[in-house]
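Okay, structure first, notes after.
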2 protein chains.
Amino acid sequence: MPIDATVFRSRRDRAAQRARSRDLAALLVTPGSDLAYLTGHRIHESERLTCLVLTADGSATLVVPELEAPRARAAAPGLELRLWSETEDPIAAAAALVPRGRAIAVGERMWASFLLRLQATLPDRTFCPAAPVVAPLRAIKDASELAALRAVAQSADRAYTRVRELVFEGRTEREVGADIAALLGEEGHDEVTFTIVGSGPNGASPHHNAGERRIARGDAIVLDFGGTMAWYCSDITRTVHVGPPSAETVRVHDAVRKAQEAGYKAAREGVAAQDVDAAARTVIDEAGYGTYFIHRLGHGIGLDGHEDPYLVRGNSEPLVPGMAFSIEPGIYLPGKFGVRIEDIAVLNDKGVAEPLNEVDRSLAVVS
Amino acid sequence: MPIDATVFRSRRDRAAQRARSRDLAALLVTPGSDLAYLTGHRIHESERLTCLVLTADGSATLVVPELEAPRARAAAPGLELRLWSETEDPIAAAAALVPRGRAIAVGERMWASFLLRLQATLPDRTFCPAAPVVAPLRAIKDASELAALRAVAQSADRAYTRVRELVFEGRTEREVGADIAALLGEEGHDEVTFTIVGSGPNGASPHHNAGERRIARGDAIVLDFGGTMAWYCSDITRTVHVGPPSAETVRVHDAVRKAQEAGYKAAREGVAAQDVDAAARTVIDEAGYGTYFIHRLGHGIGLDGHEDPYLVRGNSEPLVPGMAFSIEPGIYLPGKFGVRIEDIAVLNDKGVAEPLNEVDRSLAVVS
């Protein structure tokens with residue numbers, strides 16, 4: 001995260017401007033990536049309310065539990081704080097900071113318990129999602145964010161290069177997953193968020209975790225892992241094979257590879273997100289595996305692992321330089337195996353998608 | 001987590017019964033501890049809606065993204081699933097399962113974005129928090145839950161015994177925090193959630209993380225750490241001192257120790273949660289440090305690190321056998337140091353609080 005307070009002030013100013021143009025009174029944002037983006041303060045949501053009240057005229061106050069005040073001050077110097085003690089009602093404190101009249105936007109991931117209490121405290125007001133205000137700002141990364149995404153992607157690439165050298169045969173998915181997590185740490189990740197090791201038939205469940213299945217010769221293995229470095233997320237998938245692959249595995253992998261290439265080619269400035277999905281999907285359809293590509297093509301990435309823009313049918317949002325997103329086609333043959341290839345790509349200044357993950361995408365044969 | 005499906009069915013039946021008695025139509029519960037408690041399915045909340053619809057007549061359906069279906073089936077066998085594909089509206093699918101008429105309760109931590117969409121889809125319905133239905137069930141632990149809490153507490157105790165042997169002087173808080181995390185892992189934790197190392201003046205910020213401050217001789221250090229084992233949480237605090245402590249540090253530690261003992265004595269069946277807080281607070285008040293005990297005395301613990309019951313002024317809820325909660329008085333002298341002692345305690349069958357953390361509470365002198 002950039003620590004220059006002016007960066008956060010400028011982000012808040014742009015958010016406030018968008019709030020004004022939508023005739024909102026204020027944005028209320030609880031801990032999570034929106035709060036980190038707007039203030040630099042990154043903590044976990046908890047039952048003790050922390051809430052940024054950003055009014056449409058640009059004034060910002062962080063409602064914060066007294067015992068969190070030192071951390072909030074250190075993380076967001078210069079931000080106005082409204083401390084509350086353990087026996088005070090923080091919802092009333094936040095509500096009192098909201099200007100009268102217009103609608104109130106709340107952060108996507110605010111807990112329902114807080115939203116219900118805010119609605120009860122301000123019964124005459126309309127509440128709406130803050131996403132249309134904040135998400136478009138977050139979707140377009142500035143230079144320091146792109147540098148952070150590149151650095152964490154390169155760390156994941158280095159980890160994968162070492163993952164290929166692991167022994168797979170005879171070990172459980174869980175053991176391999178633990179090794180992957182350790183390698184991500186050694187290569188610079190601050191935190192490992194997930195390590196999917198989907199071997200053999202388990203690979204046909206796209207979000208299978210690493211389990212107790214023992215990996216055998218002849219298995220295709222979907223490896224999908226990621227975490228954070230300086231708060232920004234990585235997310236990479238490669239499919240490897242224990243020993244020489246069958247003709248069918250090679251054919252499926254080839255279709256996925258070509259679908260990803262079609263996604264890269266389609267992802268250009270001004271193209272609708274759903275058209276990138278369609279371009280990759282067409283390749284898999286034509287290879288005869290269309291019914292086995294059961295998820296969207298990709299998702300944006302930044303402070304959250306999944307954020308705008310989503311490359312999915314129904315999303316007509318045009319791509320813009322500075323957007324970062326995954327391109328991750330997959331084919332999942334129930335009871336047999338799965339194949340997925342995923343990079344993080346960025347739409348560069350020329351309006352063209354370039355990969356942040358550059359490590360070899362071929363069906364690596366492992367031992 | 002118990003894996004016997006009848007346990008989860010029985011929990012859902014009790015929740016449905018409570019929903020009926022409150023004239024609710026249904027509970028809607030998204031991923032998190034409530035969902036794990038009611039179904040055994042434990043995943044992270046994501047932008048793809050997973051939602052248990054538990055109607056007041058006891059029928060349960062899990063609305064789940066198609067690509068998460070294999071995991072949901074494995075985690076919650078026998079639970080009815082309503083799959084949705086990537087281009088369907090899952091909110092409409094969930095709403096269609098809710099019986100007509102009465103109010104709808106939503107889980108505490110459902111994302112605001114989902115709640116707002118549910119409210120827009122069902123504009124004539126009243127929404128209220130599910131906490132009054134689910135939290136009282138979760139607050140009273142069954143035998144398997146108590147065993148899990150005891151096991152993870154003992155793991156934390158073993159880790160602390162080894163933490164005391166670490167070298168502190170000359171190392172950063174962050175380095176010590178990493179060692180603590182590693183020891184928790186070695187002693188059986190599946191996951192480490194937090195490691196607070198508040199040395200010298202940093203100890204006066206109750207929720208200070210482990211930072212770059214280098215620990216020096218003469219520092220008091222608040223060590224507060226925890227994580228999970230088999231999904232259940234640990235949370236323990238001990239205060240140590242690098243070299244011989246000053247008379248003031250000893251005096252403050254002594255007051256905190258006595259306050260904790262007063263908390264243990266007060267925590268009995270039928271006593272209001274706030275009266276336990278008051279009993280401990282009185283000891284610190286009488287020692288002259290009342291203004292420096294700036295947080296509640298404790299919080300419940302189970303699948304979440306913080307849950308009902310909260311030992312805080314304003315909570316008149318009576319304690320009941322089977323409740324598990326922290327007892328953690330502290331004194332924080334700004335610019336100087338902090339002291340906190342925290343155990344997890346359980347109200348046993350005799351209605352008396354007994355500690356799950358039994359490791360030495362004295363002001364340990366470390367090197």
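Each chain in the structure tokens gets a letter, A, B and so on, in the order shown; residues start at 1 in every chain, and ligands are counted from 1 in the order they appear.
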Give as a CSV table (one decimal) with C-alpha atoms, in the first residue's frame every residue of chain A that touches chain B within 8 Å, counting only C-alpha atoms.
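Contents of part_2.csv, freshly written:
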chain,number,residue,atom,x,y,z
A,47,GLU,CA,-18.3,-6.9,16.2
A,66,GLU,CA,-11.3,3.6,21.5
A,67,LEU,CA,-9.0,0.6,21.9
A,68,GLU,CA,-8.3,0.6,18.1
A,70,PRO,CA,-3.7,3.9,18.2
A,71,ARG,CA,-3.6,1.6,15.2
A,85,SER,CA,-16.0,3.6,24.3
A,86,GLU,CA,-17.1,0.1,25.0
A,87,THR,CA,-20.5,1.1,26.4
A,106,VAL,CA,-22.9,1.2,2.3
A,107,GLY,CA,-19.8,-0.9,1.5
A,108,GLU,CA,-20.4,-4.2,-0.2
A,109,ARG,CA,-19.1,-6.3,2.7
A,110,MET,CA,-20.5,-4.4,5.7
A,111,TRP,CA,-22.0,-7.0,8.0
A,112,ALA,CA,-25.8,-7.3,7.7
A,113,SER,CA,-26.0,-6.8,11.5
A,115,LEU,CA,-26.7,-2.4,8.1
A,116,LEU,CA,-29.9,-3.6,9.9
A,127,PHE,CA,-29.7,2.6,1.6
A,128,CYS,CA,-27.9,1.4,-1.5
A,129,PRO,CA,-24.7,-0.3,-2.4
A,205,SER,CA,-14.4,-29.8,-9.0
A,206,PRO,CA,-13.1,-26.3,-9.8
A,207,HIS,CA,-13.0,-25.1,-6.1
A,208,HIS,CA,-11.8,-28.4,-4.6
A,294,ILE,CA,-18.8,-24.3,-16.0
A,295,HIS,CA,-17.5,-21.0,-14.7
A,296,ARG,CA,-17.0,-17.5,-15.9
A,306,HIS,CA,-12.1,-11.2,-6.6
A,312,VAL,CA,-18.9,-13.1,-17.4
A,313,ARG,CA,-21.9,-13.2,-19.6
A,314,GLY,CA,-24.2,-10.4,-18.7
Do you know which residues are at most 9 Å from segment 252-262 of chain B counting only C-alpha atoms, after dropping those on the same chain fewer than 3 positions away, and could you put them as a PyMOL selection string? chain B and resi 239+247-249+265-267+276+279-284+287+289+297+327-331+338-343+361-363
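Counting only C-alpha atoms, segment 9-21 of chain A has the following residues at most 6 Å away, ignoring those fewer than 6 positions along the same chain: Leu38, Ala56, Gly58 and Val133 of chain A.
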Distance query segment 142-148 of chain A at most 10 Å, only C-alpha atoms, self and fewer than 6 positions along chain excluded, as a PDB file with C-alpha atoms, in the first residue's frame:
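In the end it all went to selection_0.pdb:
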ATOM      1  CA  MET A   1       0.000   0.000   0.000  1.00  0.00           C
ATOM      2  CA  PRO A   2       1.234   3.484  -0.713  1.00  0.00           C
ATOM      3  CA  GLN A 154       6.210 -12.670 -10.177  1.00  0.00           C
ATOM      4  CA  THR A 228      -0.860 -11.351  -0.840  1.00  0.00           C
ATOM      5  CA  MET A 229       2.286  -9.256  -0.821  1.00  0.00           C
ATOM      6  CA  ALA A 230       2.013  -5.677   0.431  1.00  0.00           C
ATOM      7  CA  TRP A 231      -1.780  -6.261   0.501  1.00  0.00           C
ATOM      8  CA  TYR A 232      -2.154  -6.985  -3.234  1.00  0.00           C
ATOM      9  CA  CYS A 233      -3.304 -10.405  -4.383  1.00  0.00           C
ATOM     10  CA  SER A 234      -1.853 -13.120  -6.570  1.00  0.00           C
ATOM     11  CA  GLY A 302      -6.320  -6.029  -6.552  1.00  0.00           C
ATOM     12  CA  LEU A 303      -6.767  -5.559  -2.813  1.00  0.00           C
ATOM     13  CA  GLY A 322      -5.365  -0.080 -15.826  1.00  0.00           C
ATOM     14  CA  MET A 323      -7.808  -2.913 -15.234  1.00  0.00           C
ATOM     15  CA  ALA A 324      -6.321  -6.123 -13.847  1.00  0.00           C
ATOM     16  CA  VAL A 346      -3.445  -6.086 -17.114  1.00  0.00           C
ATOM     17  CA  ASN A 348      -1.882  -1.669 -20.628  1.00  0.00           C
ATOM     18  CA  LEU A 356       1.610 -10.477 -15.205  1.00  0.00           C
TER      19      LEU A 356
END
For Ile215 of chain B, work out the shell of residues within 10 Å, counting only C-alpha atoms and skipping chain neighbours fewer than 4 positions away, then give it as a ChimeraX atom specification. /B:167-173,176,197-200,219-221,242
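For the residues B:Val53, B:Leu35, B:Val98, B:Leu62, ranking by smallest atom-to-atom distance to Arg138 of chain B using only C-alpha atoms places B:Leu35 first.
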Go through segment 54-237 of chain B and collect every residue that DSSP, computed from the backbone, puts in strand (DSSP E or B); the answer should be as number ranges by chain. B: 54-55, 60-65, 80-84, 103-106, 111, 127-129, 140, 172, 191-199, 214, 220-229, 232-233, 236-237
Skipping near chain neighbours, those fewer than 3 positions away, what residues fall within 12 Å of Ala178 of chain B using only C-alpha atoms, listed as a list in words?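 My list of contacting residues is Asp190 of chain A; Val163, Leu166, Arg171, Thr172, Glu173, Arg174, Glu175, Ala181, Ala182, Leu183, Leu184, Gly185, Val192, Thr193, Phe194, Thr195, Ile196, Val197, Asn209, Ala210, Gly211 and Phe225 of chain B.
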Keeping C-alpha atoms, export the residues of the selection given above as a PDB file, in the first residue's frame.
ATOM      1  CA  ASP A 190       3.144 -12.142   3.183  1.00  0.00           C
TER       2      ASP A 190
ATOM      3  CA  VAL B 163       7.342 -18.889  23.954  1.00  0.00           C
ATOM      4  CA  LEU B 166      12.446 -17.469  23.289  1.00  0.00           C
ATOM      5  CA  ARG B 171      14.599  -8.744  18.333  1.00  0.00           C
ATOM      6  CA  THR B 172      11.626  -7.047  16.692  1.00  0.00           C
ATOM      7  CA  GLU B 173       8.050  -7.702  17.741  1.00  0.00           C
ATOM      8  CA  ARG B 174       7.418  -9.057  14.268  1.00  0.00           C
ATOM      9  CA  GLU B 175      10.188 -11.636  14.597  1.00  0.00           C
ATOM     10  CA  ALA B 181       2.907 -18.468  15.068  1.00  0.00           C
ATOM     11  CA  ALA B 182       5.354 -21.270  14.273  1.00  0.00           C
ATOM     12  CA  LEU B 183       5.083 -22.662  17.820  1.00  0.00           C
ATOM     13  CA  LEU B 184       1.281 -22.643  17.645  1.00  0.00           C
ATOM     14  CA  GLY B 185       1.548 -24.630  14.431  1.00  0.00           C
ATOM     15  CA  VAL B 192      -2.931 -18.875  13.400  1.00  0.00           C
ATOM     16  CA  THR B 193      -5.298 -15.931  13.403  1.00  0.00           C
ATOM     17  CA  PHE B 194      -3.337 -13.277  15.304  1.00  0.00           C
ATOM     18  CA  THR B 195      -0.128 -12.744  17.261  1.00  0.00           C
ATOM     19  CA  ILE B 196      -0.052  -9.533  19.257  1.00  0.00           C
ATOM     20  CA  VAL B 197       3.376  -8.611  20.597  1.00  0.00           C
ATOM     21  CA  ASN B 209      -0.050  -6.010  16.259  1.00  0.00           C
ATOM     22  CA  ALA B 210       3.528  -7.196  16.115  1.00  0.00           C
ATOM     23  CA  GLY B 211       5.530  -4.351  14.556  1.00  0.00           C
ATOM     24  CA  PHE B 225      -2.307 -14.954  20.341  1.00  0.00           C
TER      25      PHE B 225
END
Å distance separating atom CA of Ala93 of chain B from atom CA of Leu49 of chain B, one decimal place: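 Between atom CA of Ala93 of chain B and atom CA of Leu49 of chain B the gap works out to 10.2 Å.
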Tell me which of A:Ala92, A:Ile236, A:Arg214, A:Pro245 sits closest to Ser155 of chain A, counting only C-alpha atoms.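 When distances to Ser155 of chain A are compared using only C-alpha atoms, the smallest one comes from A:Ile236.
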Find the residues near Leu54 of chain A: any atom within 7 Å, counting only C-alpha atoms, skip ones fewer than 2 places away on the same chain, and give them as number ranges by chain. A: 16, 26-28, 52, 56, 58-61
Please, which residues of segment 148-354 of chain A, numbered as in this document, come out helix (DSSP H, G or I) from DSSP, as an MDAnalysis selection string? chainID A and resid 148:163 173:186 200:204 247:266 273:286 290:292
